[in-house]
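See below for the structure under consideration.
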Amino acid sequence: MAPVDVNEILSKLTLEEKIKILGGANFWETVGIPEKGVPVLKTSDGPNGARGGTMQGGATSACFPAACSVASTFDVDLAERIGTALGKETLTKGARCLLAPTMCIHRHPLGGRNFESFSEDPFLSGRLAARNVIGVQSTGVAATIKHYAANEQETQRLTVDEEISERALREIYLKPFEMSVKEANPAAVMTAYNKVNGIHADSHPWLLQKVLRGDWGWDGLVMSDWGGVNSTAEGLNAGLDLEMPGPTRWRKIPDVLAAIKAGTLTEETINERAIRMLRFLERQKCFEDPNIPAEQSIDKPEDRALIREAGAKGIVLLKNEGNILPLTKEKVKGKKIALLGYAKEALIHGGGSASVSSHYRVTPEDGLRAALGDDVEFTYAKGAHTFRRLPLLTENVVGLDGTPGFTYNVYTPGNPVPIETKQGHAKSELSVFATFDLGSAPPGSGGERDFELVGHFTSPVTSTYYFNMSGLGPSRFLIDDKLIYEQPANCSDFMGYMLGGVPVPRLEVPMEAGKRYKIQVFTMMPRPVKGVDLGIFDGRFSVRLGGIAGVEYHRDILAEAVEVAKAADYAIVFTGHDPDWETEGQDQSGFHLPREGSQDNLVAAVAAENANTVVVNSTGVAVAMPWLDKIKGLLQAWFPGQEAGNSIADVMTGAVTPEGHLTCTFPKRLEDTPAYGNFPGEYVDGQLKVKYAEGVFVGYRHFDRLPADKVNFPFGFGLSYTTFDYADLDVKEASADEYAVSVRVTNTGSVKGAIAVQIYVGNATPAPEDPVKVLVGFKKVRLAPGESQTVQIPVRARDFAFWSEAKQQWVIAGGEYLFSVAKGAGDVVLSAGVQVGEKTYAP
């Protein structure tokens, strides 16, 4: 095919057509104009797996470890290998643009989306994200770094206004993006929902024009987050090239033409945005091959192996009293091991756009049984109720025709006769974020429908039943034609509903064993409300009914677990957050493991009865650990992907020596965290505002100035089954702007292992407004027992400079600086003082 001249294509487009290609066509695709040679590009979520064109169901995908897990490997080569695999997986979904990686900062332990981002440290985040981008784009797929910028909370994320100093922005929140832009040249950047200093990120001239285009010299495509556009002229003028998803809400042709006529927008600006869109399509070779292949589910052996390897390498050994771990085959032969908590559930990812319908999932029980075989007796008890929402009704229900499941009816408003009916709907939920496809008008066109789930439920027990019901639009719940609960208006939090549920009342209904009850749930599409933009929820619908017998709800499963643990030689408690608890759309419900202390109570009760208790925690954030001094062993497993059980078993049994390091600080108390009191903010005249009052003192930068006993485990911490020694630290000035750091590392233990050599730099006499030290380099080294290696790590002076708001430059004050080698932010093992001259750097 002859080379495409995008300028020539632009010249053939009418103004209306240029406007048209600056908005999405549907939820995942851009607008094509085939008669003028403009092809369509398909995008896909997300950071730990290419999901394809459906939010739920559809083609299955490989589920890779979450970014918090990848970051804990401190392994840039592994991050690139994962990126390459993600790029290849994206192509199997017919997409050429992956909406990943996510690289916002872990500002606070309650951040709902922390798991999806790499770290509390901007240098670690930026270096790993850049290599991930390089991997993705080596396959021809565009990487989309997100969310630009400062999207550190989910509470009111569409509108929250964040007050952040320029220094904090430059040094903490923008640095991962800057590193990725300069080291990897991502094809696209996605803007955030939130406001930064009073201006929405999607229309922020300073962020988009001054910093991204100007200071960093980047010329890729800027797209919005889904539903994250808040203006017509302002966004276009600021540099937002593409509004997603479609159909457009803010870039309707009449609205844009009106803005041009009013003088708030120029045709030249439209040309600038349109040519960038065309160049993006050219970069992704959409002109060469305009076809969008059908989605495929390809379960590759090489992906299985990579996910298992990466998941294991990201697991962090936090406690190993008496070397209780590893549980080798020889150690546990003939023993009984109690598996408790989430042992039968694979916590492989968080909730929201990072979730995928995985090819399969390996539970911890699966992994341990496969690893230890028949020479071990395994027992199990759940021990803690952990559901956030009451379970769906799926059993003992028949529809109006007598077949299992609910009858699903569709109505036009005001008409009691259904226009469509489906039988055998398997659960008491209409698919979250479903688009009505039984003859209605498309979303946004005003075609309204009402929906009903109806069936007969036979109670298996005599008990008070607990129910809760919620819908996107107005909804009602009836039993035997009696109204039990009505939600009279639209849901107050659409995004929270879609991604994990919203608070709803618990309804109590007495039921008798063997008696049949008519269950009805009615719901509507969200109704228009004056002054409220329904956004991407316009024309969508969903409703959910949960129910459980009170006797089951209150059953003392803790006592059952304690009895199982007492009878075992080892007790392994699997704790964590399932996707309902840790999810996009809402921040954590609390610092303690959910629900209502049940998991903390389980660990404490088991540890009181079994001296060999080990906890395996799967969360993407730090959590309270009131039981820490009562247990023998502790692993932080994060969300390790579809091979979760095998990765955990590899580390627990010693097939893999643990080598992960914490990507965030684990504080003892929430009150000691740097953003405490300023998260998620305060309402001022109905607007949620949050001050980033901690400035640059995020994570270990804050805890370095507090007593060591304020944390359970510091950033960068991680134990091993072997030991390492450091010696011969040497720091040389390689050039005016770079230092060469070398140190000899020796494996002084009895098994092979790996450790991340971490380099921190700080002024020997830091000013009160500056951190004590910052991470400026790291390298993973793997050594056999007794083996030594001299590790060399380059350090750029600019990476320990601070941003001067007065000078609008990066500045290093002259003086003595300590170059430190550390096993973590709280464990410096060697330091060397180096005289550094005053230096300045352009933005």
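Chains: A, B, ... in order of the structure tokens. Residues: from 1 per chain. Ligands: from 1, in order shown.
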Original post:
Do you know which residues are at most 7 Å from stretch 576-578 of chain A counting only C-alpha atoms, after dropping those on the same chain fewer than 2 positions away, and could you put them as a list in words?
Top reply: Leu347, Gly350, Phe574, Asp580, Trp581, Glu582, Leu593, Asn617, Ser618 and Thr619 of chain A
Could you please take those selected residues and save all heavy atoms as an mmCIF file, in the first residue's frame?
```cif
data_model
loop_
_atom_site.group_PDB
_atom_site.id
_atom_site.type_symbol
_atom_site.label_atom_id
_atom_site.label_comp_id
_atom_site.auth_asym_id
_atom_site.auth_seq_id
_atom_site.Cartn_x
_atom_site.Cartn_y
_atom_site.Cartn_z
ATOM 1 N N LEU A 347 -8.327 -14.238 44.343
ATOM 2 C CA LEU A 347 -8.402 -12.777 44.294
ATOM 3 C C LEU A 347 -7.360 -12.311 43.284
ATOM 4 O O LEU A 347 -6.225 -11.983 43.625
ATOM 5 C CB LEU A 347 -8.152 -12.192 45.677
ATOM 6 C CG LEU A 347 -9.114 -12.670 46.774
ATOM 7 C CD1 LEU A 347 -8.828 -11.982 48.103
ATOM 8 C CD2 LEU A 347 -10.574 -12.451 46.376
ATOM 9 N N GLY A 350 -8.567 -6.305 41.005
ATOM 10 C CA GLY A 350 -9.534 -5.424 41.640
ATOM 11 C C GLY A 350 -10.721 -5.199 40.727
ATOM 12 O O GLY A 350 -10.821 -5.767 39.635
ATOM 13 N N PHE A 574 -6.234 -16.934 54.487
ATOM 14 C CA PHE A 574 -6.168 -16.095 53.290
ATOM 15 C C PHE A 574 -7.137 -14.929 53.468
ATOM 16 O O PHE A 574 -8.351 -15.112 53.520
ATOM 17 C CB PHE A 574 -6.518 -16.918 52.051
ATOM 18 C CG PHE A 574 -5.499 -17.978 51.745
ATOM 19 C CD1 PHE A 574 -5.609 -19.251 52.307
ATOM 20 C CD2 PHE A 574 -4.413 -17.699 50.939
ATOM 21 C CE1 PHE A 574 -4.660 -20.227 52.044
ATOM 22 C CE2 PHE A 574 -3.459 -18.669 50.673
ATOM 23 C CZ PHE A 574 -3.574 -19.934 51.235
ATOM 24 N N ASP A 580 -15.534 -6.394 44.950
ATOM 25 C CA ASP A 580 -16.571 -5.517 45.494
ATOM 26 C C ASP A 580 -15.998 -4.556 46.529
ATOM 27 O O ASP A 580 -16.521 -3.455 46.726
ATOM 28 C CB ASP A 580 -17.690 -6.346 46.137
ATOM 29 C CG ASP A 580 -18.751 -6.761 45.135
ATOM 30 O OD1 ASP A 580 -18.648 -6.362 43.955
ATOM 31 O OD2 ASP A 580 -19.676 -7.481 45.527
ATOM 32 N N TRP A 581 -14.943 -4.970 47.199
ATOM 33 C CA TRP A 581 -14.368 -4.159 48.276
ATOM 34 C C TRP A 581 -13.272 -3.224 47.784
ATOM 35 O O TRP A 581 -13.098 -2.130 48.328
ATOM 36 C CB TRP A 581 -13.813 -5.054 49.383
ATOM 37 C CG TRP A 581 -14.854 -5.714 50.219
ATOM 38 C CD1 TRP A 581 -15.197 -7.037 50.220
ATOM 39 C CD2 TRP A 581 -15.724 -5.089 51.166
ATOM 40 N NE1 TRP A 581 -16.212 -7.276 51.110
ATOM 41 C CE2 TRP A 581 -16.555 -6.087 51.714
ATOM 42 C CE3 TRP A 581 -15.877 -3.773 51.621
ATOM 43 C CZ2 TRP A 581 -17.520 -5.823 52.685
ATOM 44 C CZ3 TRP A 581 -16.838 -3.507 52.575
ATOM 45 C CH2 TRP A 581 -17.651 -4.521 53.097
ATOM 46 N N GLU A 582 -12.499 -3.648 46.793
ATOM 47 C CA GLU A 582 -11.426 -2.798 46.269
ATOM 48 C C GLU A 582 -11.671 -2.605 44.790
ATOM 49 O O GLU A 582 -11.455 -3.509 43.982
ATOM 50 C CB GLU A 582 -10.060 -3.430 46.524
ATOM 51 C CG GLU A 582 -8.916 -2.482 46.253
ATOM 52 C CD GLU A 582 -7.614 -2.893 46.905
ATOM 53 O OE1 GLU A 582 -7.612 -3.830 47.727
ATOM 54 O OE2 GLU A 582 -6.579 -2.275 46.586
ATOM 55 N N LEU A 593 -9.537 -4.830 57.375
ATOM 56 C CA LEU A 593 -10.081 -5.770 56.400
ATOM 57 C C LEU A 593 -11.585 -5.921 56.611
ATOM 58 O O LEU A 593 -12.059 -5.985 57.748
ATOM 59 C CB LEU A 593 -9.398 -7.130 56.559
ATOM 60 C CG LEU A 593 -7.940 -7.191 56.083
ATOM 61 C CD1 LEU A 593 -7.265 -8.439 56.644
ATOM 62 C CD2 LEU A 593 -7.876 -7.186 54.564
ATOM 63 N N ASN A 617 -2.151 -12.238 52.539
ATOM 64 C CA ASN A 617 -3.077 -11.127 52.338
ATOM 65 C C ASN A 617 -3.067 -10.678 50.884
ATOM 66 O O ASN A 617 -2.008 -10.413 50.309
ATOM 67 C CB ASN A 617 -2.688 -9.945 53.233
ATOM 68 C CG ASN A 617 -3.696 -8.817 53.142
ATOM 69 O OD1 ASN A 617 -4.881 -9.018 53.424
ATOM 70 N ND2 ASN A 617 -3.249 -7.645 52.738
ATOM 71 N N SER A 618 -4.259 -10.591 50.299
ATOM 72 C CA SER A 618 -4.400 -10.152 48.913
ATOM 73 C C SER A 618 -5.195 -8.855 48.859
ATOM 74 O O SER A 618 -6.430 -8.864 48.819
ATOM 75 C CB SER A 618 -5.093 -11.228 48.070
ATOM 76 O OG SER A 618 -4.266 -12.354 47.907
ATOM 77 N N THR A 619 -4.474 -7.753 48.914
ATOM 78 C CA THR A 619 -5.052 -6.419 48.745
ATOM 79 C C THR A 619 -4.096 -5.616 47.877
ATOM 80 O O THR A 619 -2.925 -5.966 47.739
ATOM 81 C CB THR A 619 -5.237 -5.681 50.087
ATOM 82 O OG1 THR A 619 -3.948 -5.533 50.714
ATOM 83 C CG2 THR A 619 -6.157 -6.437 51.022
#
```
Original post:
Among stretch 583-742 of chain A, which residues carry a DSSP assignment of helix (DSSP H, G or I), reported as a PyMOL selection string?
Top reply: chain A and resi 598-609+628-630+644-653+670-672+700-703+708-710
Subject >> For A:Ile275, the nearest of the candidates A:Asn7, A:Val70, A:Ala259, A:Val698, counting only C-alpha atoms >> reply: A:Asn7
Original post:
Of the candidates A:Gln520, A:Ile793, A:Asn678, A:Thr266, which shows the shortest atom-to-atom distance to A:Lys482, using only C-alpha atoms?
Top reply: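 Smallest distance to A:Lys482 is found for A:Gln520.
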Original post:
So which residues touch A:Gly837 within 12 Å, counting only C-alpha atoms, skipping near sequence neighbours fewer than 3 positions away, as number ranges by chain?
Top reply: A: 733, 736-737, 763, 797, 801, 811-817, 834, 840
Original post:
Pick the closest to A:Leu10 from A:Ala607, A:Val564, A:Gly718, A:Arg273: which is it, counting only C-alpha atoms?
Top reply: A:Arg273
**OP:** Rounded to one decimal place, report the atom CA of A:Gly539-atom CA of A:Ala489 distance in Å.
**Re:**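 These two atoms are separated by 15.3 Å.
Among the candidates A:Ala608, A:Leu240, A:Val603, A:Ala149, the residue lying nearest to A:Trp627 is A:Val603 (atoms considered: only C-alpha atoms).
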**OP:** Could you give me, as a ChimeraX atom specification, the residues within 10 Å of A:Tyr466, counting only C-alpha atoms and dropping anything in the same chain fewer than 4 positions from it?
**Re:** /A:390,505-510,546-551,553
Subject >> Polymer residues at most 12 Å from A:Ser492, only C-alpha atoms, same-chain spacing of 6 or more positions, as a list of chain:residue names >> reply: A:Gln156, A:Ser470, A:Gly471, A:Leu472, A:Gly473, A:Pro474, A:Met498, A:Gly501, A:Val502, A:Pro503, A:Val504, A:Pro526, A:Val529, A:Val532, A:Leu534
**OP:** Return the single residue from A:Gly341, A:Arg744, A:Arg127, A:Tyr841 that is closest to A:Ser598, with distances computed using only C-alpha atoms.
**Re:**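 Smallest separation from A:Ser598 among the options: A:Gly341.
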**OP:** Using atom CA of A:Val543 and atom CA of A:Phe494 as the two end points, give the distance in Å to one decimal.
**Re:** 11.6 Å
**OP:** Mind listing the strand (DSSP E) residues of stretch 254-499 of chain A, per DSSP on the backbone, as number ranges by chain?
**Re:** A: 316-320, 336-341, 377-381, 397-398, 406-411, 420-425, 429-435, 450-458, 463-471, 475-479, 482-487
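Closest approach to A:Thr269 among A:Gly833, A:Pro245, A:Gly235, A:Pro594 is made by A:Gly235 (distances from only C-alpha atoms).
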Original post:
Excluding same-chain residues fewer than 3 positions from A:Gly762, what lies within 9 Å of it counting only C-alpha atoms, as a PyMOL selection string?
Top reply: chain A and resi 765-766+770-774+800+816-820
Subject >> Shell around A:Glu552 at 10 Å using only C-alpha atoms, local window under 5 positions removed, as a VMD selection string >> reply: chain A and resid 385 461 463 465 557
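Across the structure, atom CA of A:Cys63 and atom CA of A:Met103 are spaced 18.5 Å apart.
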